[in-house]
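Heads up: the structure comes next, in structure tokens.
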Amino acid sequence: MSKIDKALGLLFFGCNIPFAVVELNHFFNFIKLLNPNYIPPMRKTLSGLILNEVYEKIVNDKKSMADEHRLLLNDLKNKSKNEKYIVGTIRNTTGKQLFLNAWDFTEIFETAGALKEVTGKTVKEAKEKYNMEIYAQCFSDD
């Protein structure tokens, strides 16, 4: 896969652009102005081969990033809207983070039982998504 095909794939996947756009005349004309020699992939190639390769790379990058990690649960409050959330993330030693999930606690009291349930779900999600074993959890407000 060429760098430009990969970049095109990331643009389409990251911006949720329909794959059929690559076959529209307006898109093709725009690409030809940028680089007359480039032939963009067809919709099936973009939604198949390129999507699969980009997805595998992203998953592998996230898995390797999670090698040295900490599971964090942060409480985020928006007082003006009277909202509060518990957000589960994984942070590695370089400070990079992976988002796992967020739970709306606007109508829920932050009891030990509710926080234990969120912690269990977060640990399970880290295991399922990144094959991570979590041995200890903590609450953080950073």
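Lettering and numbering for the structure tokens are positional, with chains as A, B, ... in the shown order, residues counted from 1 in each chain, and ligands counted from 1 in the shown order.
Residues with any atom within 12 Å of Ile17 of chain A, counting only C-alpha atoms and excluding same-chain neighbours fewer than 3 positions away, are Leu8, Gly9, Leu10, Leu11, Phe12, Phe13, Gly14, Ala20, Val21, Val22, Phe27, Arg43, Leu46 and Ser47 of chain A.
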Taking N, CA, C and O atoms for each residue, export the selection above as a PDB file, in the first residue's frame.
ATOM      1  N   LEU A   8      -4.998   8.548   2.426  1.00  0.00           N
ATOM      2  CA  LEU A   8      -6.376   8.680   1.951  1.00  0.00           C
ATOM      3  C   LEU A   8      -7.309   7.837   2.818  1.00  0.00           C
ATOM      4  O   LEU A   8      -8.380   8.292   3.221  1.00  0.00           O
ATOM      5  N   GLY A   9      -6.882   6.607   3.118  1.00  0.00           N
ATOM      6  CA  GLY A   9      -7.675   5.742   3.987  1.00  0.00           C
ATOM      7  C   GLY A   9      -7.891   6.362   5.360  1.00  0.00           C
ATOM      8  O   GLY A   9      -9.010   6.380   5.875  1.00  0.00           O
ATOM      9  N   LEU A  10      -6.823   6.894   5.957  1.00  0.00           N
ATOM     10  CA  LEU A  10      -6.952   7.523   7.275  1.00  0.00           C
ATOM     11  C   LEU A  10      -7.901   8.716   7.228  1.00  0.00           C
ATOM     12  O   LEU A  10      -8.674   8.937   8.160  1.00  0.00           O
ATOM     13  N   LEU A  11      -7.841   9.494   6.135  1.00  0.00           N
ATOM     14  CA  LEU A  11      -8.760  10.614   5.974  1.00  0.00           C
ATOM     15  C   LEU A  11     -10.209  10.118   5.937  1.00  0.00           C
ATOM     16  O   LEU A  11     -11.069  10.620   6.663  1.00  0.00           O
ATOM     17  N   PHE A  12     -10.468   9.125   5.110  1.00  0.00           N
ATOM     18  CA  PHE A  12     -11.831   8.615   4.973  1.00  0.00           C
ATOM     19  C   PHE A  12     -12.323   7.981   6.271  1.00  0.00           C
ATOM     20  O   PHE A  12     -13.448   8.226   6.696  1.00  0.00           O
ATOM     21  N   PHE A  13     -11.486   7.161   6.918  1.00  0.00           N
ATOM     22  CA  PHE A  13     -11.912   6.467   8.134  1.00  0.00           C
ATOM     23  C   PHE A  13     -12.056   7.439   9.292  1.00  0.00           C
ATOM     24  O   PHE A  13     -13.022   7.393  10.041  1.00  0.00           O
ATOM     25  N   GLY A  14     -11.084   8.347   9.423  1.00  0.00           N
ATOM     26  CA  GLY A  14     -11.093   9.293  10.542  1.00  0.00           C
ATOM     27  C   GLY A  14     -12.199  10.321  10.460  1.00  0.00           C
ATOM     28  O   GLY A  14     -12.680  10.798  11.481  1.00  0.00           O
ATOM     29  N   ALA A  20     -17.953   5.664  -1.241  1.00  0.00           N
ATOM     30  CA  ALA A  20     -18.372   5.957  -2.614  1.00  0.00           C
ATOM     31  C   ALA A  20     -17.835   7.293  -3.113  1.00  0.00           C
ATOM     32  O   ALA A  20     -17.754   7.515  -4.325  1.00  0.00           O
ATOM     33  N   VAL A  21     -17.417   8.175  -2.212  1.00  0.00           N
ATOM     34  CA  VAL A  21     -16.900   9.491  -2.605  1.00  0.00           C
ATOM     35  C   VAL A  21     -15.695   9.350  -3.528  1.00  0.00           C
ATOM     36  O   VAL A  21     -15.512  10.156  -4.439  1.00  0.00           O
ATOM     37  N   VAL A  22     -14.864   8.292  -3.343  1.00  0.00           N
ATOM     38  CA  VAL A  22     -13.664   8.137  -4.185  1.00  0.00           C
ATOM     39  C   VAL A  22     -14.018   7.931  -5.645  1.00  0.00           C
ATOM     40  O   VAL A  22     -13.167   8.119  -6.511  1.00  0.00           O
ATOM     41  N   PHE A  27     -14.429  14.428  -6.745  1.00  0.00           N
ATOM     42  CA  PHE A  27     -13.278  13.960  -5.975  1.00  0.00           C
ATOM     43  C   PHE A  27     -12.120  13.619  -6.919  1.00  0.00           C
ATOM     44  O   PHE A  27     -10.977  14.019  -6.689  1.00  0.00           O
ATOM     45  N   ARG A  43     -13.652   2.138  -4.569  1.00  0.00           N
ATOM     46  CA  ARG A  43     -14.376   2.002  -3.302  1.00  0.00           C
ATOM     47  C   ARG A  43     -14.119   0.654  -2.636  1.00  0.00           C
ATOM     48  O   ARG A  43     -13.883   0.582  -1.432  1.00  0.00           O
ATOM     49  N   LEU A  46     -10.643   0.586  -1.084  1.00  0.00           N
ATOM     50  CA  LEU A  46     -10.602   1.450   0.094  1.00  0.00           C
ATOM     51  C   LEU A  46     -11.310   0.798   1.279  1.00  0.00           C
ATOM     52  O   LEU A  46     -10.792   0.796   2.392  1.00  0.00           O
ATOM     53  N   SER A  47     -12.469   0.219   1.024  1.00  0.00           N
ATOM     54  CA  SER A  47     -13.255  -0.373   2.112  1.00  0.00           C
ATOM     55  C   SER A  47     -12.800  -1.781   2.473  1.00  0.00           C
ATOM     56  O   SER A  47     -13.252  -2.338   3.473  1.00  0.00           O
TER      57      SER A  47
END
Write out as a ChimeraX atom specification all residues of segment 41-104 of chain A that DSSP puts in helix (DSSP H, G or I) for this structure's backbone.
-> /A:43-65
Please produce a file of the residues just selected, as a PDB file, in the first residue's frame, where the atoms kept are N, CA, C and O atoms.
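Saved the output as out_19.pdb:
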ATOM      1  N   ARG A  43     -13.652   2.138  -4.569  1.00  0.00           N
ATOM      2  CA  ARG A  43     -14.376   2.002  -3.302  1.00  0.00           C
ATOM      3  C   ARG A  43     -14.119   0.654  -2.636  1.00  0.00           C
ATOM      4  O   ARG A  43     -13.883   0.582  -1.432  1.00  0.00           O
ATOM      5  N   LYS A  44     -14.122  -0.437  -3.415  1.00  0.00           N
ATOM      6  CA  LYS A  44     -13.929  -1.777  -2.826  1.00  0.00           C
ATOM      7  C   LYS A  44     -12.533  -1.938  -2.237  1.00  0.00           C
ATOM      8  O   LYS A  44     -12.363  -2.567  -1.206  1.00  0.00           O
ATOM      9  N   THR A  45     -11.527  -1.354  -2.888  1.00  0.00           N
ATOM     10  CA  THR A  45     -10.160  -1.422  -2.369  1.00  0.00           C
ATOM     11  C   THR A  45     -10.047  -0.610  -1.087  1.00  0.00           C
ATOM     12  O   THR A  45      -9.441  -1.044  -0.103  1.00  0.00           O
ATOM     13  N   LEU A  46     -10.643   0.586  -1.084  1.00  0.00           N
ATOM     14  CA  LEU A  46     -10.602   1.450   0.094  1.00  0.00           C
ATOM     15  C   LEU A  46     -11.310   0.798   1.279  1.00  0.00           C
ATOM     16  O   LEU A  46     -10.792   0.796   2.392  1.00  0.00           O
ATOM     17  N   SER A  47     -12.469   0.219   1.024  1.00  0.00           N
ATOM     18  CA  SER A  47     -13.255  -0.373   2.112  1.00  0.00           C
ATOM     19  C   SER A  47     -12.800  -1.781   2.473  1.00  0.00           C
ATOM     20  O   SER A  47     -13.252  -2.338   3.473  1.00  0.00           O
ATOM     21  N   GLY A  48     -11.892  -2.347   1.692  1.00  0.00           N
ATOM     22  CA  GLY A  48     -11.413  -3.702   1.979  1.00  0.00           C
ATOM     23  C   GLY A  48      -9.963  -3.703   2.393  1.00  0.00           C
ATOM     24  O   GLY A  48      -9.623  -3.567   3.569  1.00  0.00           O
ATOM     25  N   LEU A  49      -9.091  -3.824   1.424  1.00  0.00           N
ATOM     26  CA  LEU A  49      -7.657  -3.964   1.664  1.00  0.00           C
ATOM     27  C   LEU A  49      -7.076  -2.806   2.485  1.00  0.00           C
ATOM     28  O   LEU A  49      -6.388  -3.021   3.489  1.00  0.00           O
ATOM     29  N   ILE A  50      -7.353  -1.577   2.080  1.00  0.00           N
ATOM     30  CA  ILE A  50      -6.766  -0.423   2.775  1.00  0.00           C
ATOM     31  C   ILE A  50      -7.326  -0.303   4.189  1.00  0.00           C
ATOM     32  O   ILE A  50      -6.579  -0.110   5.151  1.00  0.00           O
ATOM     33  N   LEU A  51      -8.633  -0.449   4.339  1.00  0.00           N
ATOM     34  CA  LEU A  51      -9.246  -0.392   5.667  1.00  0.00           C
ATOM     35  C   LEU A  51      -8.649  -1.460   6.577  1.00  0.00           C
ATOM     36  O   LEU A  51      -8.300  -1.189   7.720  1.00  0.00           O
ATOM     37  N   ASN A  52      -8.511  -2.684   6.084  1.00  0.00           N
ATOM     38  CA  ASN A  52      -7.958  -3.768   6.900  1.00  0.00           C
ATOM     39  C   ASN A  52      -6.530  -3.474   7.331  1.00  0.00           C
ATOM     40  O   ASN A  52      -6.171  -3.677   8.498  1.00  0.00           O
ATOM     41  N   GLU A  53      -5.695  -2.996   6.415  1.00  0.00           N
ATOM     42  CA  GLU A  53      -4.299  -2.708   6.757  1.00  0.00           C
ATOM     43  C   GLU A  53      -4.184  -1.572   7.762  1.00  0.00           C
ATOM     44  O   GLU A  53      -3.415  -1.657   8.718  1.00  0.00           O
ATOM     45  N   VAL A  54      -4.939  -0.509   7.547  1.00  0.00           N
ATOM     46  CA  VAL A  54      -4.895   0.622   8.469  1.00  0.00           C
ATOM     47  C   VAL A  54      -5.417   0.204   9.839  1.00  0.00           C
ATOM     48  O   VAL A  54      -4.832   0.536  10.875  1.00  0.00           O
ATOM     49  N   TYR A  55      -6.494  -0.557   9.868  1.00  0.00           N
ATOM     50  CA  TYR A  55      -7.055  -1.030  11.137  1.00  0.00           C
ATOM     51  C   TYR A  55      -6.040  -1.879  11.901  1.00  0.00           C
ATOM     52  O   TYR A  55      -5.828  -1.688  13.103  1.00  0.00           O
ATOM     53  N   GLU A  56      -5.403  -2.827  11.217  1.00  0.00           N
ATOM     54  CA  GLU A  56      -4.403  -3.682  11.866  1.00  0.00           C
ATOM     55  C   GLU A  56      -3.257  -2.859  12.430  1.00  0.00           C
ATOM     56  O   GLU A  56      -2.790  -3.113  13.537  1.00  0.00           O
ATOM     57  N   LYS A  57      -2.803  -1.871  11.679  1.00  0.00           N
ATOM     58  CA  LYS A  57      -1.709  -1.022  12.161  1.00  0.00           C
ATOM     59  C   LYS A  57      -2.132  -0.247  13.401  1.00  0.00           C
ATOM     60  O   LYS A  57      -1.382  -0.160  14.374  1.00  0.00           O
ATOM     61  N   ILE A  58      -3.324   0.321  13.389  1.00  0.00           N
ATOM     62  CA  ILE A  58      -3.809   1.079  14.543  1.00  0.00           C
ATOM     63  C   ILE A  58      -3.921   0.176  15.768  1.00  0.00           C
ATOM     64  O   ILE A  58      -3.482   0.534  16.860  1.00  0.00           O
ATOM     65  N   VAL A  59      -4.494  -1.007  15.600  1.00  0.00           N
ATOM     66  CA  VAL A  59      -4.649  -1.943  16.722  1.00  0.00           C
ATOM     67  C   VAL A  59      -3.279  -2.349  17.255  1.00  0.00           C
ATOM     68  O   VAL A  59      -3.048  -2.342  18.466  1.00  0.00           O
ATOM     69  N   ASN A  60      -2.343  -2.683  16.363  1.00  0.00           N
ATOM     70  CA  ASN A  60      -1.004  -3.084  16.805  1.00  0.00           C
ATOM     71  C   ASN A  60      -0.271  -1.941  17.492  1.00  0.00           C
ATOM     72  O   ASN A  60       0.421  -2.151  18.486  1.00  0.00           O
ATOM     73  N   ASP A  61      -0.409  -0.721  16.964  1.00  0.00           N
ATOM     74  CA  ASP A  61       0.214   0.443  17.607  1.00  0.00           C
ATOM     75  C   ASP A  61      -0.350   0.646  19.004  1.00  0.00           C
ATOM     76  O   ASP A  61       0.392   0.926  19.948  1.00  0.00           O
ATOM     77  N   LYS A  62      -1.661   0.504  19.145  1.00  0.00           N
ATOM     78  CA  LYS A  62      -2.279   0.683  20.461  1.00  0.00           C
ATOM     79  C   LYS A  62      -1.845  -0.414  21.424  1.00  0.00           C
ATOM     80  O   LYS A  62      -1.587  -0.160  22.592  1.00  0.00           O
ATOM     81  N   LYS A  63      -1.748  -1.650  20.912  1.00  0.00           N
ATOM     82  CA  LYS A  63      -1.308  -2.747  21.780  1.00  0.00           C
ATOM     83  C   LYS A  63       0.124  -2.535  22.242  1.00  0.00           C
ATOM     84  O   LYS A  63       0.444  -2.746  23.406  1.00  0.00           O
ATOM     85  N   SER A  64       1.008  -2.114  21.342  1.00  0.00           N
ATOM     86  CA  SER A  64       2.398  -1.901  21.742  1.00  0.00           C
ATOM     87  C   SER A  64       2.514  -0.687  22.654  1.00  0.00           C
ATOM     88  O   SER A  64       3.326  -0.665  23.561  1.00  0.00           O
ATOM     89  N   MET A  65       1.681   0.328  22.447  1.00  0.00           N
ATOM     90  CA  MET A  65       1.700   1.491  23.318  1.00  0.00           C
ATOM     91  C   MET A  65       1.275   1.122  24.728  1.00  0.00           C
ATOM     92  O   MET A  65       1.713   1.716  25.699  1.00  0.00           O
TER      93      MET A  65
END
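Residues in contact with Phe109 of chain A at up to 12 Å, not including ones fewer than 5 positions away on its chain and judged by only C-alpha atoms, are Lys84, Tyr85, Ile86, Asp104, Ala114 and Leu115 of chain A.
Comparing A:Pro40, A:Ile31, A:Lys129, A:Lys124 by their smallest distance to Ser2 of chain A, the closest is A:Pro40 (using only C-alpha atoms).
The residues of segment 36-101 of chain A that DSSP classifies as strand (DSSP E), using the backbone of this structure, are His69, Arg70, Leu71, Leu72, Leu73, Asn74, Asp75, Leu76, Lys77, Asn78, Glu83, Lys84, Tyr85, Ile86, Val87, Gly88, Thr89, Ile90, Arg91, Asn92, Gln97, Leu98, Phe99, Leu100 and Asn101 of chain A.
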Closest of A:Asp75, A:Glu83, A:Glu23, A:Glu133 to Val118 of chain A - atom-to-atom distances counting only C-alpha atoms = A:Asp75
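The closest residue to Arg91 of chain A, picked from A:Cys15, A:Leu72, A:Met42, A:Ile108 and counting only C-alpha atoms, is A:Leu72.
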Closest of A:Thr93, A:His69, A:Gly113, A:Glu107 to Tyr130 of chain A - atom-to-atom distances counting only C-alpha atoms | A:His69
